[in-house]
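*Asks:* Encoded as structure tokens, here's the structure I'll be asking about.
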Amino acid sequence: MRELFFWDIESAGKWKTYHHIDDPKAKELFDKKYEKWEWEKKYGNIETAYLENAPIFSTFGSICCISYGWFDGDNKIIKSIYGDAEKDIVSKFNQVLIKVSEKNLDLCGYRIINYDVPWLLHKLHSYGIKPAEIISIYDKKPWEMRIVDISELWKQKFAYSSTFDEVCYELSIKSPKTDMNGSEVHNTFWNGDYVKIKTYCESDVSALFDVSRKMMIIS
């Protein structure tokens with residue numbers, strides 16, 4: 001069985017609202033996306049479109065928490081780096097990943113191939129930080145990457161896309177989406193409740209432990 005390093009990120013919009021955007025280029029780029037994707041039809045106005053989408057796109061969003069962990073025997077070890085200093089968060093986590101790169105561990109998460117990994121890489125590149133070897137995927141073949149994406153394993157088995165909440169339900173694992181969910185992170189962040197986001201992110205990581213064990217990815 002593989003030894004896994006579990007992790008999850010939470011992100012919020014860089015600005016509290018669309019009208020708080022003080023970078024002319026950022027506003028221009030968001031305006032273009034709003035028009036091109038015809039978000040007015042879906043959201044009604046650009047303010048709502050911003051609140052719904054800024055936390056999803058690294059161009060307009062900011063990482064506010066990274067929780068991670070591993071098994072020590074039967075015990076879950078879970079830690080977090082969080083707050084309002086994105087550069088500090090990603091720099092510290094990259095140092096953690098440098099240590100992970102040297103060990104016999106594979107990265108594990110839910111939808112990390114299409115979300116967490118590119119988000120982290122975008123931010124590291126933006127701040128001029130060299131990514132840890134284990135997260136450097138551009139020059140690697142798929143079978144060379146030390147990444148276990150549970151969403152991909154689940155999709156291959158059942159041929160449809162599921163939310164992490166749905167996977168937990170089907171495996172009879174306590175949902176991590178009890179006190180809050182991802183759509184609430186932005187407002188929670190801008191209200192300054194970083195600890196609540198940390199607790200939510202850590203509950204996701206804890207559920208990853210349980211899902212991986214139930215799916216027998218690990219012993």
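As shown in the structure tokens, the chain order sets the letters A, B, ...; within each chain, residues go from 1, and ligands are also counted from 1 in the order they appear.
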With DSSP run on the backbone, what are the strand (DSSP E or B) residues within range 91-209 of chain A? I'd like them as a PyMOL selection string.
*Replies:* chain A and resi 106-109+147-149
*Asks:* Can I get the selected residues back with N, CA and C atoms, as a PDB file, in the first residue's frame?
*Replies:*
ATOM      1  N   ASP A 106       3.289   9.908  -1.248  1.00  0.00           N
ATOM      2  CA  ASP A 106       2.603  10.444  -2.417  1.00  0.00           C
ATOM      3  C   ASP A 106       1.577  11.475  -1.952  1.00  0.00           C
ATOM      4  N   LEU A 107       1.416  12.548  -2.719  1.00  0.00           N
ATOM      5  CA  LEU A 107       0.414  13.552  -2.405  1.00  0.00           C
ATOM      6  C   LEU A 107      -0.978  12.978  -2.633  1.00  0.00           C
ATOM      7  N   CYS A 108      -1.910  13.285  -1.741  1.00  0.00           N
ATOM      8  CA  CYS A 108      -3.268  12.767  -1.882  1.00  0.00           C
ATOM      9  C   CYS A 108      -4.280  13.842  -1.530  1.00  0.00           C
ATOM     10  N   GLY A 109      -5.340  13.931  -2.337  1.00  0.00           N
ATOM     11  CA  GLY A 109      -6.406  14.874  -2.072  1.00  0.00           C
ATOM     12  C   GLY A 109      -7.576  14.605  -2.980  1.00  0.00           C
ATOM     13  N   ILE A 147       1.159  11.558  -7.257  1.00  0.00           N
ATOM     14  CA  ILE A 147      -0.101  12.187  -6.877  1.00  0.00           C
ATOM     15  C   ILE A 147      -1.225  11.165  -6.940  1.00  0.00           C
ATOM     16  N   VAL A 148      -1.978  11.069  -5.866  1.00  0.00           N
ATOM     17  CA  VAL A 148      -3.169  10.218  -5.822  1.00  0.00           C
ATOM     18  C   VAL A 148      -4.374  11.141  -5.682  1.00  0.00           C
ATOM     19  N   ASP A 149      -5.180  11.238  -6.744  1.00  0.00           N
ATOM     20  CA  ASP A 149      -6.368  12.086  -6.726  1.00  0.00           C
ATOM     21  C   ASP A 149      -7.585  11.183  -6.541  1.00  0.00           C
TER      22      ASP A 149
END
*Asks:* Range 24-88 of chain A near range 190-197 of chain A within 8 Å: what's each residue's closest atom pair and its distance in Å to one decimal, counting only C-alpha atoms, ordered by chain then ascending residue number, as CSV?
*Replies:*
residue,atom,partner,partner_atom,distance
A:Cys64,CA,A:Tyr194,CA,7.8
A:Cys65,CA,A:Ile197,CA,7.1
A:Tyr82,CA,A:Tyr194,CA,6.9
A:Gly83,CA,A:Tyr194,CA,5.8
*Asks:* Compile the contact shell of Ile66 in chain A as an MDAnalysis selection string: residues with an atom at most 6 Å away, counting only C-alpha atoms, same-chain residues fewer than 2 positions apart removed.
*Replies:* chainID A and resid 8:9 80:81
*Asks:* Please produce a file of those selected residues containing N, CA, C and O atoms, as a tab-separated table (two decimals), in the first residue's frame.
*Replies:*
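Saved as part_30.tsv:
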chain	number	residue	atom	x	y	z
A	8	ASP	N	-5.18	19.87	1.49
A	8	ASP	CA	-6.34	20.56	0.93
A	8	ASP	C	-6.12	22.06	1.08
A	8	ASP	O	-5.50	22.51	2.05
A	9	ILE	N	-6.57	22.82	0.09
A	9	ILE	CA	-6.45	24.28	0.19
A	9	ILE	C	-7.83	24.92	0.26
A	9	ILE	O	-8.81	24.35	-0.24
A	80	SER	N	-1.94	22.91	9.92
A	80	SER	CA	-2.45	23.93	9.00
A	80	SER	C	-1.55	25.16	8.97
A	80	SER	O	-0.90	25.49	9.97
A	81	ILE	N	-1.54	25.80	7.83
A	81	ILE	CA	-0.91	27.11	7.65
A	81	ILE	C	-2.01	28.01	7.13
A	81	ILE	O	-2.60	27.71	6.08
*Asks:* Please run DSSP on the backbone and report, as JSON, numbers by chain, all residues within range 3-121 of chain A that come out as helix (DSSP H, G or I).
*Replies:* {"A": [18, 19, 20, 24, 25, 26, 27, 28, 29, 30, 31, 32, 33, 34, 35, 36, 39, 40, 41, 42, 43, 46, 47, 48, 49, 50, 51, 52, 53, 86, 87, 88, 89, 90, 91, 92, 93, 94, 95, 96, 97, 98, 99, 100, 101, 112, 113, 114, 115, 116, 117, 118, 119, 120, 121]}
*Asks:* For Pro118 in chain A, which residue among A:Glu133, A:Glu40, A:Gly69, A:Phe57 is the nearest when counting only C-alpha atoms?
*Replies:*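 For Pro118 in chain A, the nearest of the given residues is A:Phe57.
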*Asks:* Which residue out of A:Gln95, A:Trp39, A:Phe71, A:His122 has the minimum interatomic distance to Thr59 in chain A when only C-alpha atoms are used?
*Replies:*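 For Thr59 in chain A, the nearest of the candidates is A:His122.
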*Asks:* What lies within 8 Å of Ile135 in chain A using only C-alpha atoms, ignoring chain neighbours under 6 positions off, as a ChimeraX atom specification?
*Replies:* /A:97,117,121
*Asks:* Let me see the file: selected residues, C-alpha atoms, as a PDB file, in the first residue's frame.
*Replies:*
ATOM      1  CA  LEU A  97       6.623  19.699   0.362  1.00  0.00           C
ATOM      2  CA  VAL A 117      -1.971  21.506  -7.604  1.00  0.00           C
ATOM      3  CA  LEU A 121       1.876  26.209  -8.716  1.00  0.00           C
TER       4      LEU A 121
END
*Asks:* Identify, on the basis of only C-alpha atoms, every residue whose closest approach to Arg111 in chain A does not exceed 6 Å; exclude the query and any residue fewer than 3 positions from it along the same chain; express the result as a PyMOL selection string.
*Replies:* chain A and resi 114-115+149+151
*Asks:* Could you tell me which of A:Asn75, A:Ser183, A:Asn53, A:Ser67 comes closest to Trp7 in chain A if we count only C-alpha atoms?
*Replies:*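 Of all the options, A:Ser67 lies closest to Trp7 in chain A.
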*Asks:* Could you check the closest approach to Cys201 in chain A for each of A:Ile78, A:Val96, A:Leu4, A:Ile217 and tell me which residue wins, using only C-alpha atoms?
*Replies:*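 Among the listed residues, A:Ile78 lies closest to Cys201 in chain A.
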*Asks:* Point out the residue among A:Leu153, A:Met145, A:Met215, A:Val185 with the least atom-to-atom distance to Glu170 in chain A, counting only C-alpha atoms.
*Replies:*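 The closest residue to Glu170 in chain A is A:Met215.
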*Asks:* Determine the nearest neighbour of Ser58 in chain A from the options A:Tyr138, A:Trp119, A:Tyr169, A:Tyr200, counting only C-alpha atoms.
*Replies:*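 Checking each of A:Tyr138, A:Trp119, A:Tyr169, A:Tyr200 against Ser58 in chain A, counting only C-alpha atoms, the winner is A:Trp119.
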*Asks:* List every residue of range 92-192 of chain A that has an atom at most 9 Å from any atom of range 13-36 of chain A, and for each one report the closest atom pair and its distance in Å to one decimal, counting only C-alpha atoms, with rows sorted by chain and then by increasing residue number, as a Markdown table.
*Replies:*
| residue | atom | partner | partner_atom | distance |
| --- | --- | --- | --- | --- |
| A:His186 | CA | A:Gly13 | CA | 6.2 |
| A:Asn187 | CA | A:Lys16 | CA | 7.9 |
| A:Phe189 | CA | A:Gly13 | CA | 8.9 |
| A:Trp190 | CA | A:Lys16 | CA | 6.3 |
*Asks:* Got time to write the residues from that selection, N, CA and C atoms, as an mmCIF file, in the first residue's frame?
*Replies:*
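Everything below was put into again05.cif:
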data_model
loop_
_atom_site.group_PDB
_atom_site.id
_atom_site.type_symbol
_atom_site.label_atom_id
_atom_site.label_comp_id
_atom_site.auth_asym_id
_atom_site.auth_seq_id
_atom_site.Cartn_x
_atom_site.Cartn_y
_atom_site.Cartn_z
ATOM 1 N N HIS A 186 -15.210 32.582 1.384
ATOM 2 C CA HIS A 186 -14.896 33.983 1.045
ATOM 3 C C HIS A 186 -15.400 34.945 2.123
ATOM 4 N N ASN A 187 -16.672 34.865 2.448
ATOM 5 C CA ASN A 187 -17.218 35.774 3.455
ATOM 6 C C ASN A 187 -16.607 35.547 4.825
ATOM 7 N N PHE A 189 -13.592 34.493 5.427
ATOM 8 C CA PHE A 189 -12.253 35.083 5.370
ATOM 9 C C PHE A 189 -12.310 36.592 5.572
ATOM 10 N N TRP A 190 -13.202 37.249 4.833
ATOM 11 C CA TRP A 190 -13.260 38.711 4.913
ATOM 12 C C TRP A 190 -13.891 39.203 6.211
#
